[in-house]
Amino acid sequence: MIRILKFSQARPSLSGLGDEVDDQTRSLQAIERPHGMVLMTGPTGSGKTLSLCSCLDILNRLEINLSTVEDPFEIQLAGANQVNISERAGLTFANTLRALLRQDPDVIMLGEIRDLETAEIAIQASQTGHLVLPTLHTNDSTSTLTRLQHMGVEAFNVAASMVMITAQRLVRRLCNGCKTPMDELQTQDIRTALALTLPALFSREENQTRPLFKPVGCQACDGGYKGRIGIFQVLPISDGHAVADSEPWQCTSPGRTSKL
């Protein structure tokens with residue numbers, strides 16, 4: 001598989017990524033903190049790097065010393081110190097991160113936490129005055145805590161450093177040019193299923209009355225779909241406990257609510 005990157009394309013805002021308004025507020029509050037760890041999780045190809053770079057665009061100011069460690073870096077950030085790791089040359093995530101800490105960075109974006117050593121250095125950095133934004137491959141936000149413990153990270157270190165965990169997926173977006181409303185029977189079936197599987201989400205009046213659409217297909221799209229949009233699961237970490245978003249894996253693109 002070949003991944004084509006548009007370096008000249010402007011990064012989307014948080015709302016452009018698909019974040020709900022309340023999740024945008026949570027994300028902004030998290031990344032504006034002077035220190036701590038904001039972890040982005042999800043499988044390969046789910047848009048984690050783009051989401052982090054959209055956050056870095058918000059933080060990228062002259063007075064902010066911003067560094068990234070990636071394998072390799074995919075999106076160029078003007079004014080940021082971006083380092084590609086090289087396992088063959090001994091330039092690992094852990095070694096590079098340790099060296100960057102000597103340059104007194106304010107914000108560090110870490111392409112991936114792969115091992116215990118990298119995790120421990122990232123946590124140490126987040127506890128000593130740095131904002132650290134790493135990625136990790138997990139299926140959802142809550143299982144991230146378990147994954148870190150299985151890697152050997154002590155629970156008290158996770159509690160002391162973690163600010164927020166966000167998991168994400170990418171889903172196809174209906175083509176605005178050819179989508180067509182579902183008939184009444186199809187609409188009722190989906191709303192009944194939503195009421196059973198996502199009662200908190202379906203309790204919103206807007207979701208009970210919002211029209212639903214289905215793909216058709218035209219010359220401007222691929223089988224009724226055009227483009228993709230992110231769906232997010234946000235887990236803010238409080239001092240006493242983790243409060244999970246009561247509406248997991250949701251997408252509210254116009255006319256359509258999706259569940260993974």
# chains A, B, ... in the order shown; residues from 1 in each chain; ligands from 1

call {"tool": "select_by_dssp", "arguments": {"residues": "range 25-216 of chain A", "states": "helix (DSSP H, G or I)", "output": "ChimeraX atom specification"}}
result
/A:25-31,48-59,93-103,116-126,141-151,155-161,184-197,199-202,205-209

call {"tool": "closest_residue", "arguments": {"among": "A:Pro181, A:Pro34, A:Pro211, A:Gly90", "to": "Ile108 in chain A", "atoms": "only C-alpha atoms"}}
result
A:Pro34

call {"tool": "closest_residue", "arguments": {"among": "A:Arg61, A:His150, A:Arg172, A:His130", "to": "Arg228 in chain A", "atoms": "only C-alpha atoms"}}
result
A:Arg172

call {"tool": "closest_residue", "arguments": {"among": "A:Gln76, A:Gln124, A:Gln168, A:Gln233", "to": "Gly45 in chain A", "atoms": "only C-alpha atoms"}}
result
A:Gln168

call {"tool": "residues_around", "arguments": {"residues": "Leu28 in chain A", "least_positions_apart": "4", "cutoff": "9 Å", "atoms": "only C-alpha atoms", "output": "PyMOL selection string"}}
result
chain A and resi 23-24+32-33+55+58

call {"tool": "select_by_dssp", "arguments": {"residues": "range 32-218 of chain A", "states": "strand (DSSP E or B)", "output": "ChimeraX atom specification"}}
result
/A:36-41,66-70,81-84,86,91,107-110,131-136,162-174,180-181,213-214

call {"tool": "atom_distance", "arguments": {"atom1": "CA of Pro215 in chain A", "atom2": "CA of Ile190 in chain A"}}
result
15.0 Å

call {"tool": "closest_residue", "arguments": {"among": "A:Val153, A:Leu212, A:Leu59, A:Met37", "to": "Thr128 in chain A", "atoms": "only C-alpha atoms"}}
result
A:Met37

call {"tool": "atom_distance", "arguments": {"atom1": "CA of Val163 in chain A", "atom2": "CA of Pro199 in chain A"}}
result
27.5 Å

call {"tool": "residues_around", "arguments": {"residues": "Leu148 in chain A", "least_positions_apart": "5", "cutoff": "12 Å", "atoms": "only C-alpha atoms", "output": "PyMOL selection string"}}
result
chain A and resi 39+41+113-120+123+135-138+141-143+153-159+162

call {"tool": "residues_around", "arguments": {"residues": "Arg11 in chain A", "least_positions_apart": "5", "cutoff": "9 Å", "atoms": "only C-alpha atoms", "output": "ChimeraX atom specification"}}
result
/A:16,50-51,53-54,57

call {"tool": "write_last_selection", "arguments": {"atoms": "N, CA, C and O atoms", "output": "compact mmCIF listing (two decimals), in the first residue's frame"}}
result
# COMPACT_ATOMS: atom_id res chain seq x y z
N GLY A 16 -12.83 20.56 11.57
CA GLY A 16 -12.70 19.96 10.26
C GLY A 16 -12.36 18.49 10.32
O GLY A 16 -12.68 17.72 9.41
N LEU A 50 -2.13 13.27 11.66
CA LEU A 50 -2.78 14.49 11.19
C LEU A 50 -3.49 15.20 12.33
O LEU A 50 -3.43 16.43 12.44
N SER A 51 -4.13 14.44 13.21
CA SER A 51 -4.82 15.05 14.35
C SER A 51 -3.82 15.75 15.27
O SER A 51 -4.06 16.87 15.74
N CYS A 53 -0.85 16.90 14.40
CA CYS A 53 -0.29 18.08 13.72
C CYS A 53 -1.29 19.23 13.70
O CYS A 53 -0.88 20.40 13.72
N SER A 54 -2.57 18.94 13.66
CA SER A 54 -3.57 20.00 13.77
C SER A 54 -3.49 20.66 15.15
O SER A 54 -3.66 21.88 15.28
N ASP A 57 -0.33 22.85 15.19
CA ASP A 57 -0.53 24.13 14.51
C ASP A 57 -1.08 25.18 15.45
O ASP A 57 -0.77 26.37 15.34

call {"tool": "closest_residue", "arguments": {"among": "A:Phe213, A:Met40, A:Phe232, A:Ile31", "to": "Gln186 in chain A", "atoms": "only C-alpha atoms"}}
result
A:Phe213

call {"tool": "closest_residue", "arguments": {"among": "A:Leu185, A:Val69, A:Val83, A:Leu77", "to": "Gly111 in chain A", "atoms": "only C-alpha atoms"}}
result
A:Val69

call {"tool": "residues_around", "arguments": {"residues": "Ala220 in chain A", "least_positions_apart": "2", "cutoff": "9 Å", "atoms": "only C-alpha atoms", "output": "VMD selection string"}}
result
chain A and resid 175 177 to 178 217 to 218 222 224 226

call {"tool": "decode", "arguments": {"residues": "range 118-129 of chain A", "atoms": "all heavy atoms", "output": "compact mmCIF listing (two decimals), in the first residue's frame"}}
result
# COMPACT_ATOMS: atom_id res chain seq x y z
N THR A 118 10.90 4.05 26.05
CA THR A 118 10.34 5.26 25.45
C THR A 118 9.19 5.79 26.30
O THR A 118 9.06 7.00 26.52
CB THR A 118 9.83 4.97 24.03
OG1 THR A 118 10.90 4.41 23.25
CG2 THR A 118 9.34 6.24 23.36
N ALA A 119 8.33 4.88 26.77
CA ALA A 119 7.20 5.29 27.60
C ALA A 119 7.67 5.97 28.88
O ALA A 119 7.11 7.00 29.29
CB ALA A 119 6.34 4.07 27.94
N GLU A 120 8.68 5.42 29.51
CA GLU A 120 9.17 5.99 30.77
C GLU A 120 9.79 7.36 30.56
O GLU A 120 9.59 8.28 31.37
CB GLU A 120 10.17 5.03 31.41
CG GLU A 120 9.52 3.78 31.98
CD GLU A 120 10.53 2.83 32.61
OE1 GLU A 120 11.73 2.89 32.20
OE2 GLU A 120 10.15 2.05 33.48
N ILE A 121 10.55 7.54 29.47
CA ILE A 121 11.15 8.85 29.20
C ILE A 121 10.07 9.87 28.88
O ILE A 121 10.12 11.02 29.33
CB ILE A 121 12.16 8.75 28.04
CG1 ILE A 121 13.30 7.80 28.40
CG2 ILE A 121 12.73 10.13 27.71
CD1 ILE A 121 14.23 7.49 27.24
N ALA A 122 9.06 9.47 28.10
CA ALA A 122 7.96 10.37 27.76
C ALA A 122 7.20 10.79 29.02
O ALA A 122 6.83 11.97 29.18
CB ALA A 122 7.02 9.71 26.76
N ILE A 123 6.95 9.85 29.90
CA ILE A 123 6.24 10.16 31.15
C ILE A 123 7.09 11.07 32.03
O ILE A 123 6.58 12.03 32.63
CB ILE A 123 5.87 8.86 31.88
CG1 ILE A 123 4.72 8.16 31.14
CG2 ILE A 123 5.50 9.12 33.33
CD1 ILE A 123 4.37 6.80 31.69
N GLN A 124 8.39 10.79 32.10
CA GLN A 124 9.27 11.65 32.88
C GLN A 124 9.27 13.07 32.33
O GLN A 124 9.23 14.05 33.09
CB GLN A 124 10.70 11.08 32.86
CG GLN A 124 11.70 11.93 33.64
CD GLN A 124 13.11 11.39 33.52
OE1 GLN A 124 13.36 10.42 32.79
NE2 GLN A 124 14.05 12.01 34.22
N ALA A 125 9.29 13.20 30.99
CA ALA A 125 9.26 14.53 30.38
C ALA A 125 7.96 15.26 30.71
O ALA A 125 7.96 16.46 30.98
CB ALA A 125 9.43 14.40 28.87
N SER A 126 6.85 14.53 30.69
CA SER A 126 5.55 15.16 30.97
C SER A 126 5.43 15.60 32.41
O SER A 126 4.63 16.49 32.73
CB SER A 126 4.43 14.19 30.63
OG SER A 126 4.39 13.10 31.53
N GLN A 127 6.23 15.00 33.30
CA GLN A 127 6.19 15.35 34.72
C GLN A 127 7.20 16.42 35.09
O GLN A 127 7.24 16.86 36.24
CB GLN A 127 6.43 14.10 35.57
CG GLN A 127 5.34 13.06 35.45
CD GLN A 127 5.67 11.78 36.20
OE1 GLN A 127 6.76 11.63 36.75
NE2 GLN A 127 4.73 10.85 36.23
N THR A 128 8.02 16.84 34.13
CA THR A 128 9.07 17.82 34.43
C THR A 128 8.95 19.07 33.56
O THR A 128 9.97 19.60 33.09
CB THR A 128 10.46 17.17 34.24
OG1 THR A 128 10.55 16.61 32.91
CG2 THR A 128 10.70 16.08 35.26
N GLY A 129 7.72 19.49 33.31
CA GLY A 129 7.51 20.77 32.66
C GLY A 129 7.37 20.74 31.16
O GLY A 129 7.51 21.79 30.51
